[in-house]
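> Take a look at structure_11.csv, CSV, C-alpha atoms:
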chain,number,residue,atom,x,y,z
I,1064,MET,CA,44.1,-19.4,16.1
I,1065,SER,CA,43.3,-18.2,12.5
I,1066,ARG,CA,40.5,-19.3,10.4
I,1067,MET,CA,42.9,-20.9,7.9
I,1068,GLN,CA,44.5,-22.9,10.7
I,1069,LEU,CA,41.1,-24.1,11.8
I,1070,LYS,CA,40.2,-25.2,8.2
I,1071,ILE,CA,43.4,-27.1,7.9
I,1072,MET,CA,42.8,-28.9,11.3
I,1073,GLY,CA,39.2,-29.7,10.3
I,1074,ALA,CA,40.3,-31.1,6.9
I,1075,LEU,CA,42.9,-33.3,8.5
I,1076,ALA,CA,40.5,-34.5,11.2
I,1077,LEU,CA,37.9,-35.3,8.5
I,1078,LEU,CA,40.5,-37.3,6.6
I,1079,VAL,CA,41.5,-39.3,9.6
I,1080,ALA,CA,37.9,-40.0,10.4
I,1081,LEU,CA,37.2,-41.2,6.9
I,1082,VAL,CA,40.3,-43.4,6.8
I,1083,VAL,CA,39.6,-45.0,10.2
I,1084,GLY,CA,36.0,-45.4,9.3
I,1085,ALA,CA,36.7,-47.1,6.0
I,1086,THR,CA,39.4,-49.2,7.5
I,1087,GLY,CA,37.1,-50.3,10.3
I,1088,VAL,CA,34.3,-51.3,7.9
I,1089,LEU,CA,36.7,-53.3,5.7
I,1090,ALA,CA,38.4,-54.9,8.7
I,1091,GLU,CA,35.1,-55.9,10.3
I,1092,ARG,CA,33.7,-57.2,7.0
I,1093,GLY,CA,36.9,-59.2,6.3
I,1094,LEU,CA,36.9,-60.7,9.8
I,1095,ARG,CA,33.3,-61.7,9.5
I,1096,GLU,CA,33.7,-63.2,6.1
I,1097,ARG,CA,36.7,-65.2,7.2
I,1098,ALA,CA,35.0,-66.4,10.3
I,1099,LEU,CA,31.8,-67.4,8.4
I,1100,ASP,CA,33.9,-69.3,5.8
I,1101,SER,CA,35.7,-71.1,8.6
I,1102,ILE,CA,32.4,-72.0,10.1
I,1103,ARG,CA,31.0,-73.2,6.8
I,1104,THR,CA,34.1,-75.5,6.2
I,1105,SER,CA,33.9,-76.9,9.8
I,1106,LEU,CA,30.1,-77.5,9.5
I,1107,GLU,CA,30.5,-79.2,6.1
I,1108,ARG,CA,33.2,-81.6,7.5
I,1109,GLN,CA,31.2,-82.3,10.7
I,1110,THR,CA,28.0,-82.8,8.8
I,1111,ARG,CA,29.5,-85.5,6.6
I,1112,LEU,CA,30.8,-87.3,9.7
I,1113,VAL,CA,27.3,-87.2,11.2
I,1114,VAL,CA,25.8,-88.5,7.9
I,1115,GLN,CA,28.1,-91.5,8.2
I,1116,LEU,CA,26.7,-92.2,11.7
I,1117,VAL,CA,23.1,-92.4,10.5
I,1118,GLU,CA,23.7,-94.5,7.4
I,1119,THR,CA,22.1,-97.5,8.9
I,1120,THR,CA,19.3,-95.7,10.7
I,1121,ALA,CA,16.0,-95.0,9.1
I,1122,PHE,CA,14.6,-91.4,9.4
I,1123,ASP,CA,11.2,-92.2,10.9
I,1124,GLU,CA,9.4,-91.8,14.2
I,1125,ALA,CA,10.2,-95.4,15.2
I,1126,ASN,CA,13.9,-94.5,15.3
I,1127,SER,CA,13.5,-91.1,16.9
I,1128,ARG,CA,15.1,-92.3,20.2
I,1129,ALA,CA,18.1,-93.7,18.4
I,1130,LEU,CA,18.4,-90.5,16.3
I,1131,GLN,CA,18.1,-88.4,19.4
I,1132,ALA,CA,21.0,-90.4,21.0
I,1133,ILE,CA,23.1,-89.9,17.8
I,1134,ALA,CA,22.2,-86.2,17.8
I,1135,ASP,CA,23.2,-85.7,21.4
I,1136,ARG,CA,26.6,-87.6,21.0
I,1137,SER,CA,27.4,-85.7,17.8
I,1138,ALA,CA,26.6,-82.4,19.4
I,1139,ALA,CA,28.8,-83.1,22.4
I,1140,SER,CA,31.8,-84.0,20.1
I,1141,SER,CA,31.3,-81.2,17.5
I,1142,GLY,CA,29.9,-78.4,19.6
I,1143,ALA,CA,27.2,-77.8,17.0
I,1144,ARG,CA,23.5,-78.2,17.2
I,1145,VAL,CA,22.5,-81.4,15.4
I,1146,THR,CA,19.0,-81.9,13.9
I,1147,PHE,CA,17.6,-84.9,12.0
I,1148,ILE,CA,14.6,-84.0,9.8
I,1149,ALA,CA,12.3,-86.3,7.8
I,1150,PRO,CA,12.0,-85.6,4.1
I,1151,ALA,CA,8.6,-84.0,4.6
I,1152,GLY,CA,10.1,-81.5,7.2
I,1153,ARG,CA,9.1,-83.2,10.5
I,1154,VAL,CA,11.8,-82.9,13.1
I,1155,LEU,CA,12.8,-86.3,14.4
I,1156,ALA,CA,15.6,-85.4,16.8
I,1157,ASP,CA,17.3,-82.2,18.0
I,1158,SER,CA,20.3,-82.0,20.3
I,1159,GLU,CA,19.1,-78.7,21.7
I,1160,VAL,CA,15.6,-79.9,22.5
I,1161,PRO,CA,14.7,-82.7,24.9
I,1162,GLU,CA,13.3,-85.9,23.4
I,1163,SER,CA,9.9,-85.2,24.9
I,1164,GLY,CA,9.8,-81.7,23.3
I,1165,VAL,CA,10.8,-82.7,19.8
I,1166,ALA,CA,7.2,-83.6,18.8
I,1167,ALA,CA,6.1,-80.0,19.6
I,1168,LEU,CA,8.5,-78.5,17.2
I,1169,SER,CA,7.0,-76.9,14.1
I,1170,ASN,CA,7.5,-78.4,10.6
I,1171,HIS,CA,10.8,-77.3,9.2
I,1172,ALA,CA,9.9,-77.7,5.5
I,1173,ASP,CA,9.8,-74.0,5.1
I,1174,ARG,CA,13.2,-73.2,6.5
I,1175,PRO,CA,15.6,-71.7,3.9
I,1176,GLU,CA,18.3,-74.2,4.4
I,1177,ILE,CA,15.9,-77.1,4.2
I,1178,ILE,CA,14.3,-75.7,1.0
I,1179,ALA,CA,17.8,-75.3,-0.5
I,1180,ALA,CA,18.9,-78.8,0.6
I,1181,VAL,CA,15.9,-80.4,-1.0
I,1182,ALA,CA,16.5,-78.4,-4.2
I,1183,ARG,CA,20.3,-78.7,-4.5
I,1184,GLY,CA,21.4,-81.3,-1.9
I,1185,VAL,CA,23.0,-78.8,0.4
I,1186,GLY,CA,21.5,-75.8,2.1
I,1187,ILE,CA,23.2,-72.9,3.9
I,1188,SER,CA,21.4,-70.2,5.9
I,1189,ILE,CA,22.2,-67.6,8.5
I,1190,ARG,CA,19.2,-66.6,10.5
I,1191,HIS,CA,17.6,-66.2,13.9
I,1192,SER,CA,16.5,-69.5,15.4
I,1193,ALA,CA,12.8,-69.3,16.6
I,1194,THR,CA,13.5,-72.3,18.9
I,1195,LEU,CA,16.7,-71.1,20.6
I,1196,LYS,CA,16.2,-67.3,20.2
I,1197,ARG,CA,19.7,-67.0,18.8
I,1198,LYS,CA,21.4,-66.2,15.5
I,1199,LEU,CA,22.8,-69.5,14.0
I,1200,PHE,CA,24.7,-70.6,10.9
I,1201,TYR,CA,22.8,-73.6,9.4
I,1202,TYR,CA,24.3,-76.3,7.2
I,1203,ALA,CA,21.8,-78.9,5.9
I,1204,VAL,CA,22.5,-82.0,3.8
I,1205,TYR,CA,19.8,-84.0,2.0
I,1206,VAL,CA,20.8,-87.6,2.6
I,1207,ARG,CA,20.0,-90.3,0.1
I,1208,GLY,CA,19.1,-93.7,1.1
I,1209,ASP,CA,20.1,-95.7,-2.0
I,1210,GLU,CA,23.8,-94.8,-2.4
I,1211,SER,CA,26.8,-93.7,-0.3
I,1212,ASN,CA,25.7,-90.5,1.3
I,1213,ARG,CA,27.3,-87.6,-0.4
I,1214,GLY,CA,24.8,-84.9,0.6
I,1215,ILE,CA,23.0,-84.6,-2.8
I,1216,ALA,CA,19.6,-86.2,-3.5
I,1217,ALA,CA,18.3,-86.7,-7.0
I,1218,ASP,CA,14.8,-87.6,-6.0
I,1219,VAL,CA,12.7,-86.9,-2.9
I,1220,THR,CA,11.3,-90.4,-3.1
I,1221,GLN,CA,14.8,-91.8,-2.7
I,1222,ALA,CA,15.6,-89.5,0.2
I,1223,LYS,CA,16.4,-90.8,3.6
I,1224,GLY,CA,16.1,-87.5,5.4
I,1225,ILE,CA,17.9,-84.3,6.2
I,1226,VAL,CA,20.9,-83.8,8.5
I,1227,ARG,CA,21.4,-80.3,9.7
I,1228,LEU,CA,24.1,-78.8,11.9
I,1229,ALA,CA,24.2,-75.3,13.3
I,1230,LEU,CA,26.6,-73.1,15.1
I,1231,ASN,CA,25.9,-70.1,17.3
I,1232,LEU,CA,27.1,-66.8,15.8
I,1233,ASP,CA,27.1,-64.9,19.1
I,1234,GLN,CA,30.9,-65.2,19.3
I,1235,ILE,CA,31.4,-63.7,15.9
I,1236,ASP,CA,29.0,-60.9,16.7
I,1237,ALA,CA,30.8,-60.3,20.0
I,1238,ALA,CA,34.2,-60.3,18.2
I,1239,SER,CA,32.8,-57.9,15.6
I,1240,ALA,CA,31.5,-55.6,18.3
I,1241,GLN,CA,34.8,-55.7,20.2
I,1242,LEU,CA,36.7,-54.9,17.0
I,1243,ARG,CA,34.3,-52.0,16.4
I,1244,ARG,CA,34.9,-50.7,19.9
I,1245,GLU,CA,38.6,-50.9,19.5
I,1246,LEU,CA,38.5,-49.2,16.1
I,1247,ILE,CA,36.4,-46.4,17.6
I,1248,ILE,CA,38.9,-45.9,20.4
I,1249,ALA,CA,41.8,-46.0,18.0
I,1250,GLY,CA,39.9,-43.5,15.8
I,1251,LEU,CA,39.4,-41.1,18.6
I,1252,LEU,CA,43.0,-41.3,19.7
I,1253,GLY,CA,44.1,-40.9,16.1
I,1254,LEU,CA,41.8,-37.9,15.8
I,1255,LEU,CA,43.2,-36.2,18.9
I,1256,GLY,CA,46.7,-36.9,17.6
I,1257,ALA,CA,45.8,-35.6,14.2
I,1258,LEU,CA,44.3,-32.4,15.7
I,1259,GLY,CA,47.4,-31.8,17.8
I,1260,LEU,CA,49.8,-32.5,14.9
I,1261,SER,CA,47.7,-30.4,12.5
I,1262,ALA,CA,47.8,-27.5,15.0
I,1263,VAL,CA,51.6,-27.6,15.1
I,1264,LEU,CA,52.1,-28.1,11.4
I,1265,SER,CA,49.5,-25.5,10.4
I,1266,ALA,CA,51.1,-23.0,12.8
I,1267,PHE,CA,54.5,-23.6,11.3
I,1268,SER,CA,53.3,-23.6,7.7
I,1269,LEU,CA,51.2,-20.5,8.1
I,1270,ARG,CA,54.0,-18.5,9.7
I,1271,PRO,CA,55.3,-17.2,6.3
I,1272,ILE,CA,51.8,-16.2,5.4
I,1273,ARG,CA,51.4,-14.1,8.6
I,1274,GLU,CA,54.9,-12.6,7.9
I,1275,LEU,CA,53.9,-11.8,4.4
I,1276,ARG,CA,50.6,-10.2,5.6
I,1277,GLU,CA,52.5,-8.0,8.1
I,1278,VAL,CA,55.1,-6.8,5.6
I,1279,VAL,CA,52.5,-6.0,2.9
I,1280,SER,CA,50.4,-4.2,5.5
I,1281,ASP,CA,53.4,-2.1,6.6
I,1282,VAL,CA,54.3,-1.3,3.0
I,1283,ALA,CA,50.8,-0.2,2.2
I,1284,SER,CA,50.8,2.1,5.2
I,1285,GLY,CA,54.0,3.8,4.0
I,1286,GLN,CA,56.8,1.8,5.7
I,1287,LEU,CA,58.7,1.3,2.5
I,1288,ASP,CA,61.9,0.0,4.3
I,1289,ARG,CA,60.2,-3.3,5.3
I,1290,ARG,CA,61.6,-6.4,3.6
I,1291,LEU,CA,60.9,-10.1,3.5
I,1292,ARG,CA,63.9,-12.1,4.6
I,1293,TRP,CA,63.2,-15.2,2.6
I,1294,ASP,CA,66.3,-16.5,1.0
I,1295,THR,CA,64.9,-19.9,-0.2
I,1296,ARG,CA,65.1,-21.0,-3.8
I,1297,ASP,CA,61.5,-21.8,-4.2
I,1298,GLU,CA,58.1,-20.1,-4.6
I,1299,ARG,CA,58.6,-18.3,-1.3
I,1300,GLY,CA,61.9,-16.8,-2.5
I,1301,ASP,CA,60.2,-15.6,-5.7
I,1302,ILE,CA,57.4,-14.0,-3.7
I,1303,ALA,CA,59.9,-12.3,-1.3
I,1304,ALA,CA,61.9,-11.0,-4.3
I,1305,SER,CA,58.8,-9.6,-6.0
I,1306,ILE,CA,57.5,-7.9,-2.8
I,1307,ASN,CA,60.9,-6.4,-2.0
I,1308,GLN,CA,61.3,-5.1,-5.5
I,1309,MET,CA,57.9,-3.6,-5.4
I,1310,SER,CA,58.7,-1.9,-2.1
I,1311,LEU,CA,62.0,-0.6,-3.5
I,1312,GLN,CA,60.3,0.8,-6.6
I,1313,MET,CA,57.6,2.5,-4.5
I,1314,ARG,CA,60.3,4.1,-2.3
I,1315,ASN,CA,62.2,5.3,-5.3
I,1316,THR,CA,59.1,6.7,-6.8
I,1317,MET,CA,58.1,8.5,-3.6
I,1318,GLU,CA,61.7,9.9,-3.2
I,1319,ASP,CA,61.6,11.2,-6.8
I,1320,ALA,CA,58.2,12.8,-6.2
I,1321,LEU,CA,59.5,14.5,-3.0
I,1322,ARG,CA,62.6,15.7,-4.8
I,1323,GLY,CA,60.4,17.1,-7.6
I,1324,LYS,CA,58.2,18.8,-5.1
I,1325,ALA,CA,61.2,20.4,-3.3
I,1326,GLN,CA,62.6,21.6,-6.6
I,1327,LEU,CA,59.3,23.1,-7.6
I,1328,GLU,CA,58.9,24.8,-4.2
I,1329,ALA,CA,62.4,26.3,-4.5
I,1330,VAL,CA,61.7,27.6,-8.0
I,1331,LEU,CA,58.4,29.1,-6.9
I,1332,ALA,CA,60.0,30.7,-3.8
I,1333,SER,CA,62.7,32.4,-5.9
I,1334,MET,CA,60.2,34.0,-8.4
I,1335,VAL,CA,59.3,37.6,-8.1
I,1336,GLU,CA,56.0,37.0,-9.7
I,1337,GLY,CA,53.1,35.7,-7.8
I,1338,VAL,CA,52.0,32.3,-8.9
I,1339,LEU,CA,48.6,30.8,-8.0
I,1340,VAL,CA,47.3,27.3,-9.1
I,1341,ILE,CA,43.6,26.6,-8.9
I,1342,ASP,CA,41.6,23.5,-9.9
I,1343,ARG,CA,38.7,23.3,-12.2
I,1344,ASP,CA,36.4,24.2,-9.3
I,1345,ARG,CA,38.5,27.4,-8.8
I,1346,LYS,CA,39.9,26.2,-5.5
I,1347,LEU,CA,43.4,27.3,-4.7
I,1348,ILE,CA,45.8,24.4,-4.5
I,1349,LEU,CA,49.2,26.1,-4.7
I,1350,ILE,CA,50.6,29.6,-4.1
I,1351,ASN,CA,54.1,30.9,-3.8
I,1352,PRO,CA,55.4,33.4,-1.2
I,1353,ARG,CA,55.2,36.3,-3.6
I,1354,GLY,CA,51.6,35.4,-4.3
I,1355,ARG,CA,50.8,35.5,-0.6
I,1356,GLU,CA,52.3,38.9,-0.3
I,1357,MET,CA,50.2,40.2,-3.2
Have the structure of the file written as structure tokens, please.

Amino acid sequence: MSRMQLKIMGALALLVALVVGATGVLAERGLRERALDSIRTSLERQTRLVVQLVETTAFDEANSRALQAIADRSAASSGARVTFIAPAGRVLADSEVPESGVAALSNHADRPEIIAAVARGVGISIRHSATLKRKLFYYAVYVRGDESNRGIAADVTQAKGIVRLALNLDQIDAASAQLRRELIIAGLLGLLGALGLSAVLSAFSLRPIRELREVVSDVASGQLDRRLRWDTRDERGDIAASINQMSLQMRNTMEDALRGKAQLEAVLASMVEGVLVIDRDRKLILINPRGREM
């Protein structure tokens, strides 16, 4: 296998790797973005339904048991983690934590989604849960107590509390990992196919170059009868015509030289005078028979 063939195979393999890699990155990113957008829409809808369930329930420790019951029922129907948080950040109920353990939870006022909900009415965050040790998608709504609950609070003193729902992202990460594995396998198969195809195509495409090299080498060594049999009407045909014309001219020139040499030898042989030819270093380079006799 020639160096040029190896270069062609390497370039094609690199191209396949780049295309598969770029396609994989874009496909994985698109899958993740669509999945996250679907989760956000689902959490937004479910959160508003949960908000309606707590419209008549005050967010305080006295109602923590009632809030816990609502959180458990909502989580069972939605499949999401449901948390009710007081305006100051104290957790009042959490569907993933037993009622007896809620009091031990840390204050959530510093959570990104809670900060955003307090500031803008709605907070969204994707982060690792310190309580569940899992990556979750959080959607929090700041519930007002003086109007129909639309998820936007104008004043913290009017706030009833914060409703937060969260969904586990393990399935998305698993789907992304599965897609990544499938793309790697597809990339390897494509790479092997590309190497095989490039080997065949490069061998076929480089055949004229090898033939050209052989003909030029033979012509250079004196085999002036060699010709390129390329009858195509493209660049290859032009190259073949030029090489063949050059070979023909070289043969004609050599034949003319041989004829001239033979004529000169015949003339010198018929002369009765001795003829000697020497170069500038006084070395003998030509002598006729009469000269040898003398």
> Quick one: residues within 12 Å of I:Gly1164, only C-alpha atoms, excluding same-chain residues fewer than 6 positions away - as a list in words?
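Close residues of I:Gly1164: Ser1127, Gln1131, Val1154, Leu1155, Ala1156, Asp1157, Ser1158 and Thr1194 of chain I.
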> Using only C-alpha atoms, which protein or nucleic acid residues come within 6 Å of stretch 1222-1238 of chain I? Drop anything in the same chain fewer than 3 positions from it, and give the result as a list in words.
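Answer for this query is Phe1122, Ala1143, Arg1144, Val1145, Thr1146, Phe1147, Ile1148, Ala1149, Pro1150, Lys1198, Leu1199, Phe1200, Tyr1201, Tyr1202, Ala1203, Val1204, Tyr1205, Val1206, Arg1207, Gly1208, Val1219 and Gln1241 of chain I.
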> Can you pull out every residue within 12 Å of I:Met1317, counting all atoms listed in the file, but drop anything in the same chain fewer than 5 positions away, and send it as a PDB file with C-alpha atoms, in the frame of the given file?

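That gives us result-v6.pdb:
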ATOM      1  CA  GLY I1285      54.000   3.800   4.000  1.00  0.00           C
ATOM      2  CA  GLN I1286      56.800   1.800   5.700  1.00  0.00           C
ATOM      3  CA  LEU I1287      58.700   1.300   2.500  1.00  0.00           C
ATOM      4  CA  SER I1310      58.700  -1.900  -2.100  1.00  0.00           C
ATOM      5  CA  LEU I1311      62.000  -0.600  -3.500  1.00  0.00           C
ATOM      6  CA  GLN I1312      60.300   0.800  -6.600  1.00  0.00           C
ATOM      7  CA  ARG I1322      62.600  15.700  -4.800  1.00  0.00           C
ATOM      8  CA  GLY I1323      60.400  17.100  -7.600  1.00  0.00           C
ATOM      9  CA  LYS I1324      58.200  18.800  -5.100  1.00  0.00           C
TER      10      LYS I1324
END
> Please compute the atom CA of I:Asp1135-atom CA of I:Glu1159 distance, one decimal, in Å.
8.1 Å
> Which value, in Å to one decimal, gives the distance between atom CA of I:Arg1197 and atom CA of I:Arg1111?
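Interatomic distance, atom CA of I:Arg1197 to atom CA of I:Arg1111: 24.2 Å.
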> Please indicate the distance in Å from atom CA of I:Ala1151 to atom CA of I:Val1181, rounded to one decimal place.
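Between these atoms lies a distance of 9.9 Å.
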> Pick out the residues sitting within 12 Å of I:Val1282, and hand them over as a PyMOL selection string; count all atoms listed in the file, and ignore anything fewer than 6 positions along from it in its own chain.
chain I and resi 1275-1276+1288-1291+1306-1314
> Using only C-alpha atoms, which residues sit within 6 Å of stretch 1259-1271 of chain I once same-chain residues fewer than 3 positions away are excluded, as a PyMOL selection string?
chain I and resi 1068+1072+1256+1274-1275
> Between I:Leu1258, I:Ala1182, I:Ala1172, I:Leu1130, which has the minimum distance to I:Leu1116 (counting only C-alpha atoms)?
I:Leu1130
> Have a look at I:Ala1138, I:Ala1257, I:Ala1193, I:Ala1121 and name the one nearest to I:Gln1109; count all atoms listed in the file.
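When distances to I:Gln1109 are compared using all atoms listed in the file, the smallest one comes from I:Ala1138.
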> Point out the residue among I:Glu1356, I:Ala1325, I:Arg1097, I:Ala1240 with the least atom-to-atom distance to I:Gly1337, counting only C-alpha atoms.
I:Glu1356
> Would you fill out stretch 1150-1160 of chain I with all heavy atoms and return it as a short mmCIF file (atom, residue, chain, number, x, y, z; two decimals), keeping the file's coordinate frame?

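Listed below is the output, rebuild-v9.cif:
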data_model
loop_
_atom_site.label_atom_id
_atom_site.label_comp_id
_atom_site.auth_asym_id
_atom_site.auth_seq_id
_atom_site.Cartn_x
_atom_site.Cartn_y
_atom_site.Cartn_z
N PRO I 1150 12.08 -86.26 5.37
CA PRO I 1150 12.00 -85.60 4.10
C PRO I 1150 10.84 -84.60 3.97
O PRO I 1150 10.94 -83.59 3.28
CB PRO I 1150 11.80 -86.75 3.09
CG PRO I 1150 12.44 -87.91 3.76
CD PRO I 1150 12.17 -87.73 5.23
N ALA I 1151 9.74 -84.87 4.69
CA ALA I 1151 8.60 -84.00 4.60
C ALA I 1151 8.73 -82.75 5.54
O ALA I 1151 7.87 -81.86 5.53
CB ALA I 1151 7.31 -84.73 4.99
N GLY I 1152 9.82 -82.67 6.33
CA GLY I 1152 10.10 -81.50 7.20
C GLY I 1152 9.82 -81.72 8.64
O GLY I 1152 10.06 -80.81 9.44
N ARG I 1153 9.35 -82.90 9.05
CA ARG I 1153 9.10 -83.20 10.50
C ARG I 1153 10.41 -83.39 11.20
O ARG I 1153 11.27 -84.16 10.74
CB ARG I 1153 8.19 -84.36 10.64
CG ARG I 1153 7.90 -84.72 12.10
CD ARG I 1153 6.91 -85.87 12.20
NE ARG I 1153 6.73 -86.27 13.58
CZ ARG I 1153 5.97 -85.62 14.46
NH1 ARG I 1153 5.30 -84.54 14.08
NH2 ARG I 1153 5.83 -86.04 15.70
N VAL I 1154 10.61 -82.72 12.34
CA VAL I 1154 11.80 -82.90 13.10
C VAL I 1154 11.73 -84.19 13.90
O VAL I 1154 10.78 -84.43 14.65
CB VAL I 1154 12.01 -81.70 14.08
CG1 VAL I 1154 13.26 -81.91 14.94
CG2 VAL I 1154 12.12 -80.39 13.32
N LEU I 1155 12.75 -85.05 13.74
CA LEU I 1155 12.80 -86.30 14.40
C LEU I 1155 13.67 -86.31 15.65
O LEU I 1155 13.42 -87.06 16.61
CB LEU I 1155 13.27 -87.43 13.44
CG LEU I 1155 12.43 -87.62 12.18
CD1 LEU I 1155 13.09 -88.62 11.24
CD2 LEU I 1155 11.02 -88.07 12.55
N ALA I 1156 14.70 -85.47 15.64
CA ALA I 1156 15.60 -85.40 16.80
C ALA I 1156 16.33 -84.05 16.72
O ALA I 1156 16.64 -83.55 15.62
CB ALA I 1156 16.58 -86.54 16.81
N ASP I 1157 16.63 -83.48 17.88
CA ASP I 1157 17.30 -82.20 18.00
C ASP I 1157 18.14 -82.18 19.24
O ASP I 1157 17.61 -82.39 20.33
CB ASP I 1157 16.35 -81.03 17.93
CG ASP I 1157 17.06 -79.70 17.68
OD1 ASP I 1157 18.08 -79.44 18.33
OD2 ASP I 1157 16.58 -78.93 16.83
N SER I 1158 19.46 -81.93 19.11
CA SER I 1158 20.30 -82.00 20.30
C SER I 1158 20.05 -80.85 21.28
O SER I 1158 20.42 -80.95 22.44
CB SER I 1158 21.80 -81.88 19.84
OG SER I 1158 22.04 -80.66 19.14
N GLU I 1159 19.38 -79.79 20.84
CA GLU I 1159 19.10 -78.70 21.70
C GLU I 1159 17.69 -78.76 22.35
O GLU I 1159 17.30 -77.89 23.14
CB GLU I 1159 19.22 -77.34 20.97
CG GLU I 1159 20.62 -77.02 20.50
CD GLU I 1159 21.56 -76.70 21.64
OE1 GLU I 1159 21.06 -76.27 22.70
OE2 GLU I 1159 22.78 -76.90 21.50
N VAL I 1160 16.94 -79.79 21.99
CA VAL I 1160 15.60 -79.90 22.50
C VAL I 1160 15.44 -81.33 23.12
O VAL I 1160 15.86 -82.34 22.52
CB VAL I 1160 14.56 -79.79 21.33
CG1 VAL I 1160 13.13 -79.97 21.85
CG2 VAL I 1160 14.72 -78.43 20.66
#
